[in-house]
$ cat data00.pdb   # PDB, C-alpha atoms
ATOM      1  CA  MET E   1     -12.814  41.778  50.557
ATOM      2  CA  LYS E   2     -11.449  40.040  47.477
ATOM      3  CA  ASN E   3     -14.403  37.624  47.363
ATOM      4  CA  ARG E   4     -16.907  40.475  47.751
ATOM      5  CA  PHE E   5     -15.273  42.397  44.916
ATOM      6  CA  PHE E   6     -15.341  39.286  42.727
ATOM      7  CA  GLN E   7     -19.036  38.744  43.403
ATOM      8  CA  PHE E   8     -19.825  42.426  42.797
ATOM      9  CA  LYS E   9     -18.031  42.278  39.458
ATOM     10  CA  SER E  10     -19.804  39.036  38.547
ATOM     11  CA  TYR E  11     -23.207  40.466  39.433
ATOM     12  CA  THR E  12     -22.536  43.600  37.401
ATOM     13  CA  THR E  13     -21.733  41.447  34.368
ATOM     14  CA  TYR E  14     -24.853  39.362  34.972
ATOM     15  CA  TRP E  15     -27.053  42.465  35.341
ATOM     16  CA  LEU E  16     -25.782  43.868  32.047
ATOM     17  CA  ASP E  17     -26.304  40.584  30.180
ATOM     18  CA  ALA E  18     -29.616  39.394  31.685
ATOM     19  CA  ILE E  19     -32.699  39.506  29.469
ATOM     20  CA  GLY E  20     -36.451  39.096  29.934
ATOM     21  CA  GLU E  21     -39.109  37.238  27.993
ATOM     22  CA  HIS E  22     -39.504  39.889  25.269
ATOM     23  CA  SER E  23     -35.870  39.397  24.255
ATOM     24  CA  LEU E  24     -36.079  35.611  24.094
ATOM     25  CA  HIS E  25     -36.315  34.274  20.551
ATOM     26  CA  SER E  26     -36.145  30.609  21.503
ATOM     27  CA  PRO E  27     -39.653  29.118  21.967
ATOM     28  CA  PHE E  28     -38.256  26.751  24.600
ATOM     29  CA  PHE E  29     -36.732  29.482  26.729
ATOM     30  CA  PHE E  30     -39.657  31.860  26.167
ATOM     31  CA  ASN E  31     -42.039  29.256  27.574
ATOM     32  CA  PHE E  32     -39.612  28.246  30.330
ATOM     33  CA  TYR E  33     -39.199  31.851  31.396
ATOM     34  CA  ARG E  34     -42.910  32.671  31.289
ATOM     35  CA  ASP E  35     -44.233  29.457  32.849
ATOM     36  CA  VAL E  36     -41.459  28.530  35.308
ATOM     37  CA  VAL E  37     -39.067  31.374  36.068
ATOM     38  CA  ARG E  38     -41.372  34.387  36.250
ATOM     39  CA  THR E  39     -44.616  32.748  37.297
ATOM     40  CA  ASP E  40     -46.248  33.825  40.545
ATOM     41  CA  ALA E  41     -47.454  30.306  41.309
ATOM     42  CA  LEU E  42     -46.962  29.552  45.007
ATOM     43  CA  ASP E  43     -46.741  26.277  46.888
ATOM     44  CA  PRO E  44     -49.607  26.113  49.414
ATOM     45  CA  ASP E  45     -47.160  24.722  51.995
ATOM     46  CA  THR E  46     -44.686  27.580  51.621
ATOM     47  CA  ASN E  47     -45.816  29.156  54.899
ATOM     48  CA  TYR E  48     -45.272  25.875  56.754
ATOM     49  CA  ILE E  49     -41.737  25.435  55.408
ATOM     50  CA  GLU E  50     -40.889  29.081  56.011
ATOM     51  CA  GLY E  51     -42.136  28.663  59.559
ATOM     52  CA  ILE E  52     -39.513  25.962  60.020
ATOM     53  CA  ARG E  53     -36.878  28.290  58.560
ATOM     54  CA  ASN E  54     -37.845  31.043  61.004
ATOM     55  CA  LYS E  55     -37.450  28.654  63.942
ATOM     56  CA  LEU E  56     -33.997  27.663  62.702
ATOM     57  CA  LEU E  57     -33.039  31.334  62.315
ATOM     58  CA  SER E  58     -33.643  31.870  66.024
ATOM     59  CA  ASP E  59     -32.153  28.569  67.248
ATOM     60  CA  GLU E  60     -29.191  29.250  69.525
ATOM     61  CA  SER E  61     -28.237  25.550  69.730
ATOM     62  CA  VAL E  62     -24.690  24.644  68.748
ATOM     63  CA  VAL E  63     -23.818  21.806  66.415
ATOM     64  CA  SER E  64     -20.383  20.383  65.601
ATOM     65  CA  VAL E  65     -19.670  20.550  61.878
ATOM     66  CA  THR E  66     -16.889  18.953  59.882
ATOM     67  CA  ASP E  67     -16.947  20.159  56.285
ATOM     68  CA  LEU E  68     -15.883  17.429  53.880
ATOM     69  CA  GLY E  69     -16.076  19.813  50.948
ATOM     70  CA  ALA E  70     -14.839  23.315  50.337
ATOM     71  CA  GLY E  71     -15.993  24.585  53.697
ATOM     72  CA  SER E  72     -17.992  27.713  54.254
ATOM     73  CA  ALA E  73     -17.194  31.265  53.290
ATOM     74  CA  HIS E  74     -18.486  32.267  56.714
ATOM     75  CA  PHE E  75     -17.129  29.539  59.016
ATOM     76  CA  GLY E  76     -14.262  27.119  59.319
ATOM     77  CA  ASN E  77     -14.549  23.542  60.538
ATOM     78  CA  SER E  78     -15.954  24.152  64.009
ATOM     79  CA  SER E  79     -18.973  24.309  66.239
ATOM     80  CA  ARG E  80     -21.663  26.581  64.846
ATOM     81  CA  LYS E  81     -24.968  27.950  65.995
ATOM     82  CA  ILE E  82     -27.904  26.568  64.058
ATOM     83  CA  LYS E  83     -29.211  30.087  63.473
ATOM     84  CA  ASP E  84     -25.922  31.041  61.787
ATOM     85  CA  ILE E  85     -26.046  28.017  59.496
ATOM     86  CA  ALA E  86     -29.656  28.887  58.616
ATOM     87  CA  ARG E  87     -28.718  32.502  57.928
ATOM     88  CA  THR E  88     -25.824  31.790  55.574
ATOM     89  CA  SER E  89     -26.237  28.310  54.089
ATOM     90  CA  LEU E  90     -29.862  27.862  53.023
ATOM     91  CA  SER E  91     -31.428  28.539  49.636
ATOM     92  CA  THR E  92     -33.907  31.402  49.758
ATOM     93  CA  ALA E  93     -37.645  30.784  49.392
ATOM     94  CA  LYS E  94     -37.501  32.489  45.985
ATOM     95  CA  TYR E  95     -35.028  29.982  44.590
ATOM     96  CA  SER E  96     -36.385  26.919  46.401
ATOM     97  CA  ASN E  97     -39.804  27.660  44.924
ATOM     98  CA  LEU E  98     -38.147  27.934  41.513
ATOM     99  CA  TYR E  99     -36.516  24.511  41.849
ATOM    100  CA  ARG E 100     -39.844  22.979  42.850
ATOM    101  CA  ARG E 101     -41.511  24.571  39.804
ATOM    102  CA  ILE E 102     -38.789  23.199  37.504
ATOM    103  CA  ILE E 103     -39.367  19.668  38.797
ATOM    104  CA  THR E 104     -43.127  20.016  38.332
ATOM    105  CA  HIS E 105     -42.804  21.551  34.857
ATOM    106  CA  PHE E 106     -40.575  18.745  33.586
ATOM    107  CA  ASN E 107     -42.487  16.033  35.456
ATOM    108  CA  GLY E 108     -39.451  14.999  37.507
ATOM    109  CA  LYS E 109     -39.757  11.842  39.596
ATOM    110  CA  ASN E 110     -36.200  10.910  40.626
ATOM    111  CA  ILE E 111     -34.577  13.861  42.390
ATOM    112  CA  ILE E 112     -30.999  14.196  43.672
ATOM    113  CA  GLU E 113     -29.794  16.928  46.030
ATOM    114  CA  LEU E 114     -26.125  17.238  46.918
ATOM    115  CA  GLY E 115     -25.821  19.253  50.126
ATOM    116  CA  THR E 116     -28.836  18.806  52.387
ATOM    117  CA  SER E 117     -27.778  21.405  54.952
ATOM    118  CA  LEU E 118     -30.676  21.846  57.406
ATOM    119  CA  GLY E 119     -33.186  20.465  54.907
ATOM    120  CA  ILE E 120     -35.294  23.503  54.007
ATOM    121  CA  ASN E 121     -34.574  23.283  50.267
ATOM    122  CA  THR E 122     -35.118  19.520  50.430
ATOM    123  CA  LEU E 123     -38.634  20.038  51.785
ATOM    124  CA  TYR E 124     -39.401  22.335  48.845
ATOM    125  CA  LEU E 125     -38.119  19.763  46.346
ATOM    126  CA  ALA E 126     -40.185  17.034  47.992
ATOM    127  CA  ARG E 127     -43.354  19.105  47.519
ATOM    128  CA  ALA E 128     -43.162  18.494  43.750
ATOM    129  CA  LEU E 129     -45.283  15.362  44.065
ATOM    130  CA  PRO E 130     -45.127  12.668  42.944
ATOM    131  CA  CYS E 131     -41.358  12.532  43.309
ATOM    132  CA  PHE E 132     -38.718  10.864  45.455
ATOM    133  CA  VAL E 133     -35.783  12.921  46.752
ATOM    134  CA  ARG E 134     -32.391  11.463  47.597
ATOM    135  CA  THR E 135     -30.444  14.101  49.490
ATOM    136  CA  PHE E 136     -26.763  13.821  50.464
ATOM    137  CA  GLU E 137     -25.098  15.481  53.461
ATOM    138  CA  GLY E 138     -21.521  15.051  54.628
ATOM    139  CA  ALA E 139     -21.789  16.594  58.107
ATOM    140  CA  PRO E 140     -23.373  14.184  60.652
ATOM    141  CA  GLY E 141     -24.462  16.917  63.060
ATOM    142  CA  ILE E 142     -26.343  18.785  60.351
ATOM    143  CA  SER E 143     -27.881  15.671  58.790
ATOM    144  CA  THR E 144     -29.287  14.695  62.197
ATOM    145  CA  ILE E 145     -31.157  18.000  62.391
ATOM    146  CA  ALA E 146     -32.434  17.674  58.814
ATOM    147  CA  SER E 147     -33.578  14.093  59.393
ATOM    148  CA  ARG E 148     -35.606  15.188  62.396
ATOM    149  CA  LEU E 149     -37.243  17.981  60.406
ATOM    150  CA  PHE E 150     -38.195  15.550  57.622
ATOM    151  CA  GLN E 151     -39.835  13.240  60.151
ATOM    152  CA  GLU E 152     -41.723  16.091  61.792
ATOM    153  CA  ALA E 153     -42.921  17.276  58.381
ATOM    154  CA  GLY E 154     -44.101  13.790  57.443
ATOM    155  CA  ALA E 155     -41.969  13.916  54.289
ATOM    156  CA  ASP E 156     -41.749  10.185  53.633
ATOM    157  CA  ASN E 157     -40.578  10.711  50.040
ATOM    158  CA  ILE E 158     -37.139  11.874  51.207
ATOM    159  CA  LYS E 159     -34.125   9.625  51.732
ATOM    160  CA  LEU E 160     -31.158  11.246  53.482
ATOM    161  CA  ILE E 161     -27.768   9.707  52.724
ATOM    162  CA  GLU E 162     -25.085  10.718  55.234
ATOM    163  CA  GLY E 163     -21.354  10.591  54.594
ATOM    164  CA  ASN E 164     -18.677  11.737  52.190
ATOM    165  CA  ILE E 165     -20.479  12.433  48.896
ATOM    166  CA  ASP E 166     -17.398  11.314  46.961
ATOM    167  CA  VAL E 167     -18.243   7.834  48.228
ATOM    168  CA  THR E 168     -21.998   7.845  48.818
ATOM    169  CA  LEU E 169     -23.106   9.320  45.479
ATOM    170  CA  LEU E 170     -21.650   6.559  43.308
ATOM    171  CA  ARG E 171     -22.887   3.889  45.688
ATOM    172  CA  GLU E 172     -26.438   5.232  45.855
ATOM    173  CA  LEU E 173     -26.716   5.804  42.101
ATOM    174  CA  GLU E 174     -26.108   2.109  41.465
ATOM    175  CA  SER E 175     -29.757   1.565  42.390
ATOM    176  CA  VAL E 176     -31.085   4.576  40.437
ATOM    177  CA  GLU E 177     -32.102   4.013  36.829
ATOM    178  CA  ARG E 178     -32.245   7.683  35.856
ATOM    179  CA  VAL E 179     -32.007  11.164  37.330
ATOM    180  CA  ASP E 180     -34.715  13.627  36.307
ATOM    181  CA  PHE E 181     -33.561  16.608  38.375
ATOM    182  CA  ALA E 182     -30.422  17.257  40.390
ATOM    183  CA  PHE E 183     -29.385  20.181  42.581
ATOM    184  CA  LEU E 184     -25.678  20.616  43.376
ATOM    185  CA  ASP E 185     -24.862  22.640  46.494
ATOM    186  CA  ALA E 186     -22.101  20.641  48.170
ATOM    187  CA  ASN E 187     -18.363  20.933  47.556
ATOM    188  CA  HIS E 188     -17.798  24.292  45.845
ATOM    189  CA  ARG E 189     -14.501  23.358  44.260
ATOM    190  CA  LEU E 190     -13.835  23.035  40.543
ATOM    191  CA  GLU E 191     -12.730  19.398  40.502
ATOM    192  CA  SER E 192     -15.451  18.135  42.839
ATOM    193  CA  THR E 193     -18.226  20.094  41.114
ATOM    194  CA  LEU E 194     -17.261  18.715  37.708
ATOM    195  CA  ASN E 195     -16.885  15.205  39.125
ATOM    196  CA  TYR E 196     -20.365  15.275  40.676
ATOM    197  CA  PHE E 197     -21.857  16.698  37.500
ATOM    198  CA  ASP E 198     -20.243  14.043  35.309
ATOM    199  CA  ILE E 199     -21.429  11.249  37.609
ATOM    200  CA  LEU E 200     -25.004  12.564  37.546
ATOM    201  CA  ALA E 201     -24.858  13.067  33.786
ATOM    202  CA  THR E 202     -24.393   9.313  33.310
ATOM    203  CA  LYS E 203     -27.948   8.923  34.651
ATOM    204  CA  ALA E 204     -29.406  11.853  32.721
ATOM    205  CA  HIS E 205     -31.835  11.632  29.802
ATOM    206  CA  HIS E 206     -33.168  14.145  27.283
ATOM    207  CA  GLY E 207     -35.651  15.553  29.801
ATOM    208  CA  SER E 208     -33.211  15.863  32.696
ATOM    209  CA  VAL E 209     -32.319  19.138  34.378
ATOM    210  CA  ILE E 210     -29.269  19.747  36.578
ATOM    211  CA  VAL E 211     -29.022  22.927  38.656
ATOM    212  CA  LEU E 212     -25.758  24.245  40.115
ATOM    213  CA  ASP E 213     -25.872  26.621  43.057
ATOM    214  CA  ASP E 214     -23.475  29.560  43.554
ATOM    215  CA  ILE E 215     -22.067  29.546  40.030
ATOM    216  CA  HIS E 216     -20.682  33.066  40.498
ATOM    217  CA  SER E 217     -19.466  32.711  44.088
ATOM    218  CA  SER E 218     -15.810  32.254  43.081
ATOM    219  CA  ALA E 219     -13.523  32.021  40.082
ATOM    220  CA  GLU E 220     -13.471  28.237  40.531
ATOM    221  CA  MET E 221     -17.258  27.981  40.365
ATOM    222  CA  GLU E 222     -17.437  30.245  37.335
ATOM    223  CA  LYS E 223     -14.872  28.034  35.604
ATOM    224  CA  ALA E 224     -16.887  24.941  36.549
ATOM    225  CA  TRP E 225     -19.997  26.549  35.072
ATOM    226  CA  ARG E 226     -18.251  27.482  31.804
ATOM    227  CA  THR E 227     -16.852  23.959  31.530
ATOM    228  CA  ILE E 228     -20.290  22.413  32.035
ATOM    229  CA  GLN E 229     -21.774  24.699  29.389
ATOM    230  CA  ASN E 230     -19.326  23.159  26.922
ATOM    231  CA  ARG E 231     -19.956  19.541  27.892
ATOM    232  CA  ALA E 232     -21.056  17.536  24.842
ATOM    233  CA  GLU E 233     -24.144  16.193  26.624
ATOM    234  CA  VAL E 234     -25.375  19.677  27.630
ATOM    235  CA  PHE E 235     -27.493  21.306  24.903
ATOM    236  CA  ALA E 236     -28.713  24.451  26.673
ATOM    237  CA  THR E 237     -28.043  26.423  29.839
ATOM    238  CA  ALA E 238     -29.658  29.292  31.723
ATOM    239  CA  ASP E 239     -27.771  31.614  34.079
ATOM    240  CA  LEU E 240     -29.892  33.163  36.872
ATOM    241  CA  PHE E 241     -26.803  34.421  38.745
ATOM    242  CA  ARG E 242     -27.434  32.508  41.978
ATOM    243  CA  CYS E 243     -27.763  29.289  39.996
ATOM    244  CA  GLY E 244     -27.079  27.806  36.597
ATOM    245  CA  ILE E 245     -29.477  25.386  34.908
ATOM    246  CA  ALA E 246     -28.307  22.732  32.428
ATOM    247  CA  PHE E 247     -30.619  20.963  29.957
ATOM    248  CA  PHE E 248     -29.884  17.729  28.100
ATOM    249  CA  ASP E 249     -32.390  17.849  25.218
ATOM    250  CA  PRO E 250     -30.502  17.617  21.859
ATOM    251  CA  SER E 251     -33.270  19.564  20.101
ATOM    252  CA  LEU E 252     -32.163  22.708  21.968
ATOM    253  CA  ASN E 253     -29.000  22.831  19.881
ATOM    254  CA  LYS E 254     -26.520  24.562  22.190
ATOM    255  CA  GLN E 255     -28.442  27.585  23.441
ATOM    256  CA  HIS E 256     -27.124  29.641  26.364
ATOM    257  CA  VAL E 257     -29.109  32.460  27.967
ATOM    258  CA  VAL E 258     -28.755  34.822  30.922
ATOM    259  CA  LEU E 259     -32.191  35.404  32.469
ATOM    260  CA  GLN E 260     -33.517  38.144  34.727
ATOM    261  CA  PHE E 261     -34.750  36.753  38.030
TER     262      PHE E 261
END

$ encode --input "data00.pdb" --output "structure tokens"
Amino acid sequence: MKNRFFQFKSYTTYWLDAIGEHSLHSPFFFNFYRDVVRTDALDPDTNYIEGIRNKLLSDESVVSVTDLGAGSAHFGNSSRKIKDIARTSLSTAKYSNLYRRIITHFNGKNIIELGTSLGINTLYLARALPCFVRTFEGAPGISTIASRLFQEAGADNIKLIEGNIDVTLLRELESVERVDFAFLDANHRLESTLNYFDILATKAHHGSVIVLDDIHSSAEMEKAWRTIQNRAEVFATADLFRCGIAFFDPSLNKQHVVLQF
């Protein structure tokens, strides 16, 4: 009940603060909102990916899950039905399409995703061709399912890295020159979120974009989001309630907006 009340209060604040394109004075955010956030452009493969989601939503199979991060608000460390994981842990089509559009708009090539889950969001990210997605998942049972889905989809521009992200992220980034886009949906704790962000920021450039999922899901995540907004290397942010978007272009000169979505 406490978490629901917190989220209700957070959404009420967001709803009161959120603005549309006619209230945006920044040319950057006006164009970003019009061309990326509010566009009706659809991925032609959306139906295929959503078909996979629908199959997962009806899958009664049980998988053993050990959460290396903050765990789930719906489950503890246990065996779970795939359909329950799909119901509670996947990004919606609305947001996954948004992330794909962001990558395309900013011409992202090197993509990082922390928290593969069953791989639906990963498939959306990988549709922003030409790009290469490195996706990290800590739960072996879940990563096995995602890996199979990637193979069935013929998504050969995805590399799945299994294991504790605290270890695998640093190791994998040694071979990555720069990160163009990153999506953080793994350990929803303050310290881990900030640690992952700071690691990724060392590979960021002026055109990079980092997206954080569930920024209003808890007091810890809201604190992480406020801290990131004040990072010296972050020059603009956009709050869409479900996610927060950080930009690294110095010309944006510390702009922060709350956008209707």

$ residues_around --input "data00.pdb" --residues "Glu220 in chain E" --least-positions-apart "2" --cutoff "7 Å" --atoms "all atoms listed in the file" --output "PyMOL selection string"
chain E and resi 189-190+218+222-224

$ closest_residue --input "data00.pdb" --among "E:Gly138, E:Gly244, E:Pro27, E:Gly207" --to "Thr168 in chain E" --atoms "all atoms listed in the file"
E:Gly138

$ atom_distance --input "data00.pdb" --atom1 "CA of Ala201 in chain E" --atom2 "CA of Asp17 in chain E"
27.8 Å

$ resolve_selection --input "data00.pdb" --expression "the PyMOL selection byres ((chain E and resi 77-82) around 6)" --output "number ranges by chain"
E: 59-67, 76, 83-85

$ residues_around --input "data00.pdb" --residues "range 151-160 of chain E" --least-positions-apart "6" --cutoff "9 Å" --atoms "all atoms listed in the file" --output "count of residues only"
16

$ resolve_selection --input "data00.pdb" --expression "the PyMOL selection byres ((chain E and resi 258) around 7)" --output "ChimeraX atom specification"
/E:17-19,238-240,257,259-260

$ write_last_selection --input "data00.pdb" --atoms "C-alpha atoms" --output "PDB file, keeping the file's coordinate frame"
ATOM      1  CA  ASP E  17     -26.304  40.584  30.180  1.00  0.00           C
ATOM      2  CA  ALA E  18     -29.616  39.394  31.685  1.00  0.00           C
ATOM      3  CA  ILE E  19     -32.699  39.506  29.469  1.00  0.00           C
ATOM      4  CA  ALA E 238     -29.658  29.292  31.723  1.00  0.00           C
ATOM      5  CA  ASP E 239     -27.771  31.614  34.079  1.00  0.00           C
ATOM      6  CA  LEU E 240     -29.892  33.163  36.872  1.00  0.00           C
ATOM      7  CA  VAL E 257     -29.109  32.460  27.967  1.00  0.00           C
ATOM      8  CA  LEU E 259     -32.191  35.404  32.469  1.00  0.00           C
ATOM      9  CA  GLN E 260     -33.517  38.144  34.727  1.00  0.00           C
TER      10      GLN E 260
END

$ resolve_selection --input "data00.pdb" --expression "the PyMOL selection byres ((chain E and resi 204) around 12)" --output "ChimeraX atom specification"
/E:108,110-112,173,176-182,197-203,205-210,233-234,246-249

$ atom_distance --input "data00.pdb" --atom1 "CA of Ser117 in chain E" --atom2 "CA of Thr193 in chain E"
16.9 Å

$ residues_around --input "data00.pdb" --residues "Ile102 in chain E" --least-positions-apart "3" --cutoff "9 Å" --atoms "all atoms listed in the file" --output "list of chain:residue names"
E:Phe32, E:Val36, E:Val37, E:Asn97, E:Leu98, E:Tyr99, E:His105, E:Phe106, E:Asn107, E:Gly108, E:Ala128, E:Phe181, E:Val209

$ closest_residue --input "data00.pdb" --among "E:Leu149, E:Leu170, E:Leu16, E:Leu56" --to "Ser89 in chain E" --atoms "all atoms listed in the file"
E:Leu56

$ atom_distance --input "data00.pdb" --atom1 "CA of Phe183 in chain E" --atom2 "CA of Cys243 in chain E"
9.6 Å

$ closest_residue --input "data00.pdb" --among "E:Ala232, E:Leu169, E:Ala186, E:Leu114" --to "Asn253 in chain E" --atoms "all atoms listed in the file"
E:Ala232

$ closest_residue --input "data00.pdb" --among "E:Phe261, E:Tyr11, E:Tyr48, E:Phe235" --to "Arg34 in chain E" --atoms "only C-alpha atoms"
E:Phe261

$ closest_residue --input "data00.pdb" --among "E:Phe8, E:Phe150, E:Tyr14, E:Trp225" --to "Leu194 in chain E" --atoms "all atoms listed in the file"
E:Trp225

$ closest_residue --input "data00.pdb" --among "E:Arg242, E:Lys94, E:Ile228, E:Ser217" --to "Phe6 in chain E" --atoms "all atoms listed in the file"
E:Ser217

$ residues_around --input "data00.pdb" --residues "Asn121 in chain E" --least-positions-apart "4" --cutoff "7 Å" --atoms "only C-alpha atoms" --output "number ranges by chain"
E: 91, 96, 125

$ build_atoms --input "data00.pdb" --residues "range 215-229 of chain E" --atoms "N, CA and C atoms" --output "JSON list (two decimals), in the coordinates of the input"
[["chain", "number", "residue", "atom", "x", "y", "z"],
["E", 215, "ILE", "N", -22.97, 29.64, 41.17],
["E", 215, "ILE", "CA", -22.07, 29.55, 40.03],
["E", 215, "ILE", "C", -21.18, 30.78, 39.88],
["E", 216, "HIS", "N", -21.52, 31.86, 40.56],
["E", 216, "HIS", "CA", -20.68, 33.07, 40.50],
["E", 216, "HIS", "C", -20.07, 33.42, 41.85],
["E", 217, "SER", "N", -19.98, 32.44, 42.74],
["E", 217, "SER", "CA", -19.47, 32.71, 44.09],
["E", 217, "SER", "C", -17.94, 32.80, 44.12],
["E", 218, "SER", "N", -17.27, 32.24, 43.12],
["E", 218, "SER", "CA", -15.81, 32.25, 43.08],
["E", 218, "SER", "C", -15.36, 32.01, 41.65],
["E", 219, "ALA", "N", -14.08, 32.28, 41.41],
["E", 219, "ALA", "CA", -13.52, 32.02, 40.08],
["E", 219, "ALA", "C", -13.59, 30.54, 39.74],
["E", 220, "GLU", "N", -13.39, 29.69, 40.75],
["E", 220, "GLU", "CA", -13.47, 28.24, 40.53],
["E", 220, "GLU", "C", -14.86, 27.82, 40.07],
["E", 221, "MET", "N", -15.89, 28.36, 40.73],
["E", 221, "MET", "CA", -17.26, 27.98, 40.36],
["E", 221, "MET", "C", -17.63, 28.53, 39.00],
["E", 222, "GLU", "N", -17.17, 29.72, 38.67],
["E", 222, "GLU", "CA", -17.44, 30.24, 37.34],
["E", 222, "GLU", "C", -16.76, 29.39, 36.27],
["E", 223, "LYS", "N", -15.56, 28.92, 36.56],
["E", 223, "LYS", "CA", -14.87, 28.03, 35.60],
["E", 223, "LYS", "C", -15.61, 26.71, 35.47],
["E", 224, "ALA", "N", -16.10, 26.18, 36.59],
["E", 224, "ALA", "CA", -16.89, 24.94, 36.55],
["E", 224, "ALA", "C", -18.12, 25.13, 35.68],
["E", 225, "TRP", "N", -18.79, 26.27, 35.84],
["E", 225, "TRP", "CA", -20.00, 26.55, 35.07],
["E", 225, "TRP", "C", -19.68, 26.66, 33.58],
["E", 226, "ARG", "N", -18.62, 27.36, 33.22],
["E", 226, "ARG", "CA", -18.25, 27.48, 31.80],
["E", 226, "ARG", "C", -17.89, 26.12, 31.22],
["E", 227, "THR", "N", -17.22, 25.30, 32.00],
["E", 227, "THR", "CA", -16.85, 23.96, 31.53],
["E", 227, "THR", "C", -18.09, 23.12, 31.28],
["E", 228, "ILE", "N", -19.05, 23.18, 32.19],
["E", 228, "ILE", "CA", -20.29, 22.41, 32.03],
["E", 228, "ILE", "C", -21.07, 22.89, 30.83],
["E", 229, "GLN", "N", -21.08, 24.18, 30.57],
["E", 229, "GLN", "CA", -21.77, 24.70, 29.39],
["E", 229, "GLN", "C", -21.23, 24.08, 28.10]]
